[in-house]
Structures are given as C-alpha cells and as structure tokens.
>>> print(open('query_11.txt').read())   # compact mmCIF, C-alpha atoms
# COMPACT_ATOMS: atom_id res chain seq x y z
CA MET C 1 5.99 8.48 -9.90
CA ARG C 2 8.08 11.56 -9.22
CA ARG C 3 8.55 13.97 -6.34
CA LEU C 4 7.39 17.53 -6.92
CA PHE C 5 7.99 18.81 -3.37
CA PRO C 6 10.28 19.14 -1.54
CA LEU C 7 12.83 19.37 -4.32
CA SER C 8 15.91 17.21 -3.89
CA SER C 9 19.45 18.47 -4.27
CA PRO C 10 21.20 16.77 -7.20
CA PRO C 11 24.14 14.50 -6.38
CA ALA C 12 27.48 16.28 -6.45
CA SER C 13 29.13 16.30 -9.87
CA PRO C 14 32.79 15.36 -10.23
CA PRO C 15 35.10 18.33 -10.80
CA PRO C 16 36.24 19.02 -14.37
CA SER C 17 39.43 17.25 -15.38
CA ALA C 18 42.08 17.68 -18.02
CA HIS C 19 40.83 14.55 -19.80
CA ASP C 20 37.55 16.22 -20.75
CA GLY C 21 39.09 19.52 -21.67
CA GLY C 22 37.99 21.13 -18.40
CA ASN C 23 34.34 20.78 -19.26
CA SER C 24 32.02 19.93 -16.39
CA ALA C 25 30.20 16.62 -16.49
CA PRO C 26 26.39 16.73 -16.82
CA VAL C 27 24.65 17.29 -13.51
CA PRO C 28 22.99 14.01 -12.42
CA VAL C 29 19.22 14.09 -11.94
CA PRO C 30 18.03 13.11 -8.43
CA PRO C 31 16.38 9.67 -8.66
CA ASP C 32 13.19 10.74 -6.88
CA VAL C 33 12.33 13.37 -9.49
CA VAL C 34 12.60 10.91 -12.39
CA ASP C 35 9.20 9.57 -13.44
CA ARG C 36 9.42 5.87 -12.55
CA GLU C 37 7.64 3.33 -10.36
CA TRP C 38 8.84 3.63 -6.78
CA THR C 39 9.45 0.50 -4.76
CA LEU C 40 7.29 -0.21 -1.72
CA GLU C 41 10.37 0.35 0.44
CA GLU C 42 10.88 3.83 -1.04
CA LEU C 43 7.23 4.70 -0.46
CA ALA C 44 7.40 3.37 3.10
CA ASP C 45 10.41 5.59 3.79
CA ALA C 46 8.61 8.59 2.26
CA TYR C 47 5.54 8.04 4.45
CA ALA C 48 7.25 6.94 7.67
CA TYR C 49 5.55 8.07 10.88
CA PRO C 50 7.47 10.63 12.94
CA ALA C 51 9.45 9.01 15.75
CA ALA C 52 8.06 9.35 19.27
CA ASP C 53 10.90 11.68 20.28
CA GLU C 54 10.52 14.07 17.32
CA PRO C 55 9.41 17.59 18.32
CA VAL C 56 6.28 17.34 16.16
CA ARG C 57 5.07 14.53 18.45
CA ALA C 58 5.59 16.51 21.66
CA GLY C 59 2.61 16.22 24.00
CA ARG C 60 0.72 13.73 21.79
CA THR C 61 0.01 10.17 22.92
CA GLY C 62 -0.16 8.91 19.35
CA TRP C 63 -0.15 10.11 15.75
CA LEU C 64 -3.41 10.18 13.81
CA ARG C 65 -2.95 10.26 10.05
CA ALA C 66 -5.81 10.39 7.54
CA ASN C 67 -5.74 8.98 4.03
CA MET C 68 -8.42 10.23 1.66
CA VAL C 69 -8.97 10.63 -2.08
CA SER C 70 -10.82 13.47 -3.77
CA SER C 71 -11.76 14.43 -7.31
CA VAL C 72 -10.47 17.78 -8.56
CA ASP C 73 -13.95 19.23 -8.01
CA GLY C 74 -13.95 18.16 -4.35
CA ALA C 75 -15.95 14.91 -4.30
CA ALA C 76 -14.91 12.32 -1.73
CA HIS C 77 -16.76 9.52 -3.51
CA HIS C 78 -18.80 8.61 -6.58
CA ASP C 79 -22.06 6.72 -6.12
CA GLY C 80 -21.18 6.26 -2.46
CA ARG C 81 -17.77 4.63 -2.97
CA SER C 82 -14.24 6.02 -3.16
CA GLN C 83 -12.93 3.30 -5.50
CA PRO C 84 -14.04 5.05 -8.74
CA LEU C 85 -11.72 7.95 -7.83
CA SER C 86 -8.71 5.74 -7.19
CA GLY C 87 -5.94 4.43 -9.44
CA ALA C 88 -2.96 2.07 -9.39
CA ALA C 89 -0.57 4.47 -7.63
CA ASP C 90 -3.26 5.50 -5.15
CA MET C 91 -3.82 1.85 -4.22
CA ARG C 92 -0.07 1.31 -3.76
CA ILE C 93 0.07 4.22 -1.34
CA PHE C 94 -3.10 2.98 0.35
CA GLY C 95 -1.36 -0.36 0.96
CA VAL C 96 1.84 1.31 2.19
CA LEU C 97 -0.02 3.48 4.70
CA ARG C 98 -1.77 0.39 6.05
CA GLY C 99 1.54 -1.45 6.15
CA LEU C 100 2.97 1.26 8.43
CA ALA C 101 0.01 1.63 10.81
CA ASP C 102 -0.69 -0.02 14.16
CA ALA C 103 -4.44 0.41 13.66
CA VAL C 104 -6.84 1.66 10.98
CA VAL C 105 -9.66 3.77 12.42
CA VAL C 106 -12.81 3.84 10.31
CA GLY C 107 -16.44 4.89 10.70
CA ALA C 108 -19.23 2.33 10.77
CA GLU C 109 -20.94 3.79 7.69
CA THR C 110 -17.72 3.48 5.69
CA VAL C 111 -17.41 -0.14 6.84
CA ARG C 112 -20.88 -0.79 5.44
CA GLN C 113 -20.47 1.21 2.21
CA GLU C 114 -17.00 -0.02 1.30
CA GLY C 115 -17.45 -3.65 2.42
CA TYR C 116 -14.50 -3.57 4.79
CA ARG C 117 -12.52 -6.73 5.38
CA PRO C 118 -9.69 -7.45 7.84
CA ALA C 119 -6.27 -6.03 7.04
CA ARG C 120 -3.92 -8.68 5.70
CA ALA C 121 -0.28 -9.38 6.40
CA ARG C 122 2.06 -8.49 3.55
CA ALA C 123 5.52 -9.98 3.19
CA ALA C 124 6.88 -6.67 1.89
CA PHE C 125 6.30 -5.04 5.29
CA ALA C 126 7.00 -8.02 7.58
CA ALA C 127 10.59 -7.10 8.50
CA ARG C 128 9.76 -3.40 8.95
CA ARG C 129 6.78 -4.21 11.18
CA GLU C 130 8.77 -6.68 13.26
CA ALA C 131 11.57 -4.15 13.76
CA ALA C 132 8.97 -1.57 14.89
CA GLY C 133 7.43 -4.02 17.38
CA GLN C 134 4.19 -4.25 15.40
CA GLY C 135 1.93 -7.22 14.77
CA PRO C 136 1.69 -8.84 11.32
CA ALA C 137 -1.10 -6.47 10.19
CA PRO C 138 -2.88 -3.40 11.55
CA ALA C 139 -6.01 -3.83 13.65
CA ILE C 140 -9.22 -2.35 12.28
CA ALA C 141 -10.90 -0.07 14.84
CA VAL C 142 -14.54 0.69 13.94
CA VAL C 143 -16.08 3.85 15.38
CA SER C 144 -19.79 3.44 16.04
CA ALA C 145 -22.31 5.07 18.39
CA GLY C 146 -25.16 2.55 18.00
CA LEU C 147 -23.05 -0.55 17.17
CA GLU C 148 -25.47 -1.45 14.39
CA LEU C 149 -22.89 -3.73 12.84
CA ASP C 150 -23.08 -7.22 11.38
CA PHE C 151 -20.76 -9.18 13.62
CA SER C 152 -21.01 -12.25 11.37
CA LEU C 153 -18.97 -10.49 8.64
CA PRO C 154 -15.34 -11.53 7.97
CA LEU C 155 -14.15 -8.22 9.46
CA PHE C 156 -15.21 -9.58 12.85
CA THR C 157 -14.97 -13.36 12.35
CA GLU C 158 -11.75 -13.74 10.33
CA PRO C 159 -9.29 -10.99 11.34
CA LEU C 160 -5.59 -11.78 11.59
CA VAL C 161 -5.48 -9.14 14.34
CA PRO C 162 -8.70 -8.79 16.41
CA THR C 163 -11.05 -6.06 15.20
CA LEU C 164 -11.88 -3.38 17.78
CA VAL C 165 -15.05 -1.33 18.19
CA LEU C 166 -14.82 2.18 19.63
CA THR C 167 -17.95 3.67 21.15
CA GLY C 168 -19.18 5.75 24.09
CA ALA C 169 -20.00 4.57 27.59
CA GLY C 170 -23.66 5.34 26.88
CA ALA C 171 -23.89 3.01 23.88
CA PRO C 172 -26.85 0.54 23.83
CA SER C 173 -25.95 -2.20 26.29
CA ASP C 174 -27.55 -4.94 24.18
CA ARG C 175 -25.37 -4.02 21.19
CA VAL C 176 -22.24 -3.87 23.37
CA ARG C 177 -23.12 -7.35 24.64
CA ALA C 178 -23.71 -8.62 21.09
CA ALA C 179 -20.31 -7.34 20.02
CA ARG C 180 -18.56 -8.96 22.95
CA ASP C 181 -20.47 -12.23 22.50
CA ALA C 182 -19.10 -12.27 18.94
CA GLY C 183 -15.57 -12.00 20.32
CA THR C 184 -15.07 -8.33 19.46
CA GLU C 185 -13.30 -6.07 21.96
CA VAL C 186 -15.32 -2.94 22.73
CA LEU C 187 -13.41 0.14 23.87
CA PHE C 188 -15.08 3.20 25.39
CA ALA C 189 -13.75 6.54 24.19
CA GLY C 190 -16.43 8.90 25.43
CA GLU C 191 -18.96 9.34 28.20
CA GLY C 192 -22.06 9.71 26.03
CA ILE C 193 -23.58 7.51 23.34
CA GLY C 194 -20.85 8.17 20.80
CA VAL C 195 -17.10 8.54 20.68
CA ASP C 196 -15.29 11.67 21.80
CA PRO C 197 -12.80 12.06 18.90
CA SER C 198 -10.26 13.79 21.14
CA ARG C 199 -9.97 10.59 23.23
CA VAL C 200 -9.51 8.03 20.47
CA ALA C 201 -5.72 8.28 20.17
CA ALA C 202 -5.18 7.89 23.91
CA VAL C 203 -7.56 4.92 24.20
CA LEU C 204 -5.85 3.10 21.32
CA ALA C 205 -2.38 4.01 22.60
CA GLU C 206 -3.28 2.15 25.81
CA ARG C 207 -3.65 -0.95 23.61
CA GLY C 208 -0.25 -0.32 22.02
CA HIS C 209 -1.64 1.34 18.90
CA ALA C 210 0.13 4.70 18.62
CA ARG C 211 0.58 4.90 14.81
CA LEU C 212 -2.98 5.46 13.67
CA LEU C 213 -4.47 5.71 10.20
CA THR C 214 -8.04 6.80 9.53
CA GLU C 215 -9.67 6.19 6.16
CA GLY C 216 -12.82 8.15 6.98
CA GLY C 217 -15.49 8.51 6.06
CA PRO C 218 -16.00 12.25 5.73
CA LYS C 219 -18.17 12.54 8.85
CA LEU C 220 -15.62 10.82 11.10
CA LEU C 221 -12.72 12.74 9.59
CA GLY C 222 -14.61 16.00 10.11
CA GLN C 223 -15.08 15.11 13.78
CA PHE C 224 -11.38 14.40 14.23
CA ALA C 225 -10.41 17.66 12.54
CA ALA C 226 -12.93 19.74 14.49
CA ALA C 227 -11.64 18.26 17.75
CA GLY C 228 -8.03 19.11 16.92
CA ALA C 229 -7.19 15.40 16.92
CA LEU C 230 -5.96 15.12 13.33
CA ASP C 231 -2.17 15.26 13.04
CA GLU C 232 -1.63 14.57 9.36
CA LEU C 233 -3.61 14.38 6.11
CA CYS C 234 -2.51 12.31 3.13
CA LEU C 235 -4.77 13.48 0.32
CA SER C 236 -4.77 11.91 -3.14
CA LEU C 237 -6.14 14.32 -5.74
CA ALA C 238 -7.59 12.36 -8.65
CA PRO C 239 -7.59 13.93 -12.14
CA VAL C 240 -11.33 13.41 -12.58
CA VAL C 241 -14.47 15.53 -12.31
CA THR C 242 -17.66 14.02 -10.89
CA VAL C 243 -20.03 17.00 -10.36
CA GLY C 244 -23.03 15.74 -8.34
CA ALA C 245 -23.63 16.28 -4.65
CA ALA C 246 -21.00 13.99 -3.12
CA ALA C 247 -19.61 14.99 0.27
CA ARG C 248 -16.20 16.60 0.67
CA ILE C 249 -13.46 14.60 2.39
CA MET C 250 -14.56 16.21 5.67
CA ASN C 251 -18.21 16.67 6.51
CA GLY C 252 -19.34 18.43 9.66
CA PRO C 253 -19.91 21.77 11.36
CA ALA C 254 -17.47 24.55 10.57
CA VAL C 255 -14.65 25.19 13.01
CA ALA C 256 -14.55 28.63 14.63
CA VAL C 257 -11.13 29.42 13.15
CA PRO C 258 -9.66 27.56 10.15
CA GLU C 259 -6.71 25.45 11.26
CA ARG C 260 -3.47 25.74 9.36
CA PHE C 261 -1.65 22.65 8.07
CA ALA C 262 1.84 22.69 6.53
CA LEU C 263 2.68 20.98 3.24
CA VAL C 264 5.17 18.15 3.77
CA SER C 265 5.44 16.53 0.34
CA VAL C 266 3.85 16.15 -3.09
CA LEU C 267 4.27 13.13 -5.36
CA GLU C 268 2.79 12.77 -8.87
CA GLU C 269 1.89 9.85 -11.11
CA ALA C 270 -0.40 9.69 -14.14
CA GLY C 271 -1.98 13.02 -13.24
CA PHE C 272 -2.70 12.05 -9.62
CA LEU C 273 -1.21 14.29 -6.95
CA PHE C 274 -0.34 12.65 -3.64
CA THR C 275 -0.09 15.39 -1.04
CA ARG C 276 0.87 15.19 2.59
CA TYR C 277 0.06 17.85 5.20
CA ARG C 278 0.89 18.11 8.90
CA ARG C 279 -0.55 20.24 11.64
CA SER C 280 1.44 23.47 11.74
>>> encode(input="query_11.txt", output="structure tokens")
Amino acid sequence: MRRLFPLSSPPASPPPSAHDGGNSAPVPVPPDVVDREWTLEELADAYAYPAADEPVRAGRTGWLRANMVSSVDGAAHHDGRSQPLSGAADMRIFGVLRGLADAVVVGAETVRQEGYRPARARAAFAARREAAGQGPAPAIAVVSAGLELDFSLPLFTEPLVPTLVLTGAGAPSDRVRAARDAGTEVLFAGEGIGVDPSRVAAVLAERGHARLLTEGGPKLLGQFAAAGALDELCLSLAPVVTVGAAARIMNGPAVAVPERFALVSVLEEAGFLFTRYRRS
C-alpha cells in the first residue's frame, strides 16, 4: 500500500560534509509512499475520526462515515453482494473502520443479502478502544421500517454488544414487540413508519454512539446523503468491470443541488484506490 494523496514531505536530509566531498546525501523517501503493507495501527491513524472539538465537527452531534466499494464502471455489487468486488487490502480497511466505530449502521436489506453477523472484538484495537472509552466491539444498528427481520439469527442472539434496531414511531407494533421480546433494543428515529435519516446520528449519540459507520446498502446511503446527514465517504474503487444493472453506491431520488465533498486522502494497493472524502 502507498499514499497517493496528500503527498508527504520527505524527511530532512543531512547537510553535505567534507567527508563526502560536499555532495548531498540521497533524499530519503517518505515511508508512506513506499509500496508496502501498512500495519493496522498505521491504517487506524490514517482513518481516525475527527475529534469532537475539531472545527469540522462544529454543530454535529456525531460523525457519520460511510464505507462502500465500487467497480470502476460504477457497480456497488455483483450478483447482489459486495464481496466479489473486494480484495485483501479492502478487507483490512473494512476491519479498521469497524475497529474505530462506536456503531455500524446498516439497512435491513443489506443485513439479509450479506448475511450480517455481530461485530467481533479484535485484540489489535483493544487498547485504542479502551482509551477512547469504547466497548470491545461496535454495536450493529439495523435500519428497518417494517422490522421484517429474523430475530433468531446470531446478529440478534449472539452479539458481544447488543444489536440495535432503528425504526419510526409508526412501525408495526407487533414487529416492535417481537424485536423487544427477542431482547433487541428498538430506537425510534422518525415519526412515521420509517427512519428519518437526519435524526439517526442524534438518536445514537444519546446511547453514547457518536462515531458512526454505515456500510449501506445503496438505498440507505442515498437517504443519508439526500438528508445532508453524511459527513464522510470512504470509497474503495476496485479495478474490475462488471457491466450489468447493479445499483450505484447511492440509490435514491436526485438532490436539488449536487453537494460538494472534499478529497481527504487516496491510498493504493494492487490497483485498488482507497479514497476518503469529507463534506466541504
């Protein structure tokens, strides 16, 4: 892996000396632009959430980051799953982003399609999470209007940190009861049947989950973006072409005015580009 943007300044070279005839020593190459495997600690530093007192966080109750993968021709999945677009480096970054998050926000359809399981604790992030006041693993927060979920799945029966369900106050009462009977905490983030995406960050922040990560799917991510609730996008661009009719990483009605995001960083490995954008 190597950093393509922003470019690092090379370490300072020692001044020429009489012993080398006055010739300057070779300029050292910054370590992050050398193509090598980065440690998990280096990746965690590169993807650290902005601190609560940073200006970019001003006026926001939490920070909602998205992590998605896309083919070079714009497909968000192949045959309904994102895994065929992924690779070793993409999965390392996937794990790092989870290791930094308080909660992972995901749509019900993605839970069903991808076979979601509870997030696990990883020793590599234990000290960092403890220092940040986080639990051993992020909570999974499932967004669902109808709560048509199988509450006997491990995601709900075997989580290290209790799984949450986000819905609207008008959700079917029998499904809300079924979720609660299964031991799942149901949070209301909207007055209608479904979730109001602009309220999700505040509702989860009330539970102590301010560092949020959403892994889609495209419909949910489109709702967050359209509501102005998306703070950051981590997009992995896979060096593959799928053609077909797969959805883009965001799927929903067009916004009235395209919203500008600023490029924060670009990493590269094996032809994959790992980009990071923030709301301008």
>>> atom_distance(input="query_11.txt", atom1="atom CA of C:Ala270", atom2="atom CA of C:Gly217")
25.2 Å
>>> atom_distance(input="query_11.txt", atom1="atom CA of C:Leu212", atom2="atom CA of C:Val105")
7.0 Å
>>> residues_around(input="query_11.txt", residues="stretch 88-100 of chain C", least_positions_apart="2", cutoff="9 Å", atoms="all atoms listed in the file", output="ChimeraX atom specification")
/C:1,37,40-41,43-44,47-49,67,69,86,102-104,119,121-122,124-126,128-129,134,137-138,211-213,236,238,269-270,272,274
>>> closest_residue(input="query_11.txt", among="C:Asp231, C:Glu109, C:Glu191, C:Glu206", to="C:Gly59", atoms="all atoms listed in the file")
C:Asp231
>>> closest_residue(input="query_11.txt", among="C:Val264, C:Val161, C:Leu64, C:Ala139", to="C:Leu7", atoms="all atoms listed in the file")
C:Val264
